[in-house]
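Asks: Here's a structure for you.
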Amino acid sequence: MMPGRVPILPENPLGLSWHDSNWIPILNTSNVMEYFSERSNPFYDRTCNNEIVKMQRLSLDQLNNMTGLEYILLHVQEPILYVIRKQHRHTVNHTIALADYYIIAGVIYQAPDLASILNSRLLSTIHHLQSAFEESMSYSKYHPSKGYSWDLKVPDKPKKETQREEPSSLFQRQRVDMLLAELTNKFPLPPLPPPPPAKQPAQQHIKQEPKLEKTNDCMKPPPEKKPRLS
């Protein structure tokens, strides 16, 4: 290496993304591998066996009989998610996974490995701990006669203006409508049960008691007067 020249470090692939707007409306399971093998895709290695199969116009099933680097379609959740795996094949039944790529709404990303996730979480934890210690030190006060004390009067923070949510794009609305239609077809709503028949009010049988004729005492004639015997 020439003195004074700084080596150019490769860019972290976890921060990259790639998409082709012409493919997104027609992307499906049958052409997603062809979409991934575009020349401008930085995640695609052109020395893989997929390129040999593509040039010879063979079926992708021939990859099982070859050894070396290859890409396979690992998981599909149409129409929004596709997962592609980069692996090294040694035998028909022995492969070693090298990287995973996921395609969401036509945009390709590289899935982070376990070491990258742990490093990111550790750095985030250390950053928050350091920020907490720095903020706690800002509340520490010293007075020559009183010594150290805590001043925990927190100033009122200005209210942040609520940001308006951006309206969804036409692509997002179409994809959501397709997903809802597929879910409705797979899991149709059960038919509503027929309404129960209306209950007729029960007729109350009222027992009629026989009416007793009341004799009116006022209508009786006065008793007869008997003559007094002397």
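Convention: chains lettered A, B, ... in structure tokens order; per-chain residue numbering from 1; ligands numbered from 1 as shown.
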Which polymer residues have any atom within 12 Å of an atom of range 133-139 of chain A, counting only C-alpha atoms, with same-chain residues fewer than 5 positions away left out, as a PyMOL selection string?
Replies: chain A and resi 126-128+148-155
Asks: Can you tell me which residues surround range 21-29 of chain A at a distance of at most 7 Å, considering only C-alpha atoms, apart from same-chain residues fewer than 3 positions away, and format the answer as a ChimeraX atom specification?
Replies: /A:32,79,106
Asks: I want to know what sits within 12 Å of Gln174 in chain A, based on only C-alpha atoms, with residues of the same chain fewer than 5 positions away left out; could you give that as a PyMOL selection string?
Replies: chain A and resi 25+79-80+105+168-169+179-181
Asks: If you run DSSP on this backbone, which residues of range 9-173 of chain A come out as alpha helix (DSSP H), and could you give them as JSON, numbers by chain?
Replies: {"A": [32, 33, 34, 35, 36, 49, 50, 51, 52, 53, 54, 55, 114, 115, 116, 117, 118, 119, 120, 121, 122, 123, 124, 125, 126, 127, 128, 129, 130, 131, 132, 133, 134, 135, 136, 137, 138, 170, 171, 172, 173]}
Asks: Given only C-alpha atoms as the basis, pick out the residue of A:Leu63, A:Leu69, A:Ile103, A:Val53 nearest to Tyr35 in chain A.
Replies: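 Counting only C-alpha atoms, the residue closest to Tyr35 in chain A is A:Ile103.
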Asks: Between CA of Ile72 in chain A and CA of Asn41 in chain A, what distance in Å does the model show, to one decimal?
Replies: 15.8 Å
Asks: Taking only C-alpha atoms into account, name the residue in A:Met66, A:Val83, A:Val92, A:Leu118 that is nearest to Ile104 in chain A.
Replies: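 Smallest distance to Ile104 in chain A is found for A:Val83.
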Asks: Just the number, please: distance in Å from CA of Glu34 in chain A to CA of Trp18 in chain A, one decimal.
Replies: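 We find that CA of Glu34 in chain A and CA of Trp18 in chain A lie 14.3 Å from each other.
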Asks: For Leu60 in chain A, which residue out of A:His88, A:Thr184, A:Val176, A:Leu73 is the nearest one, using only C-alpha atoms?
Replies: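 Smallest separation from Leu60 in chain A among the options: A:Leu73.
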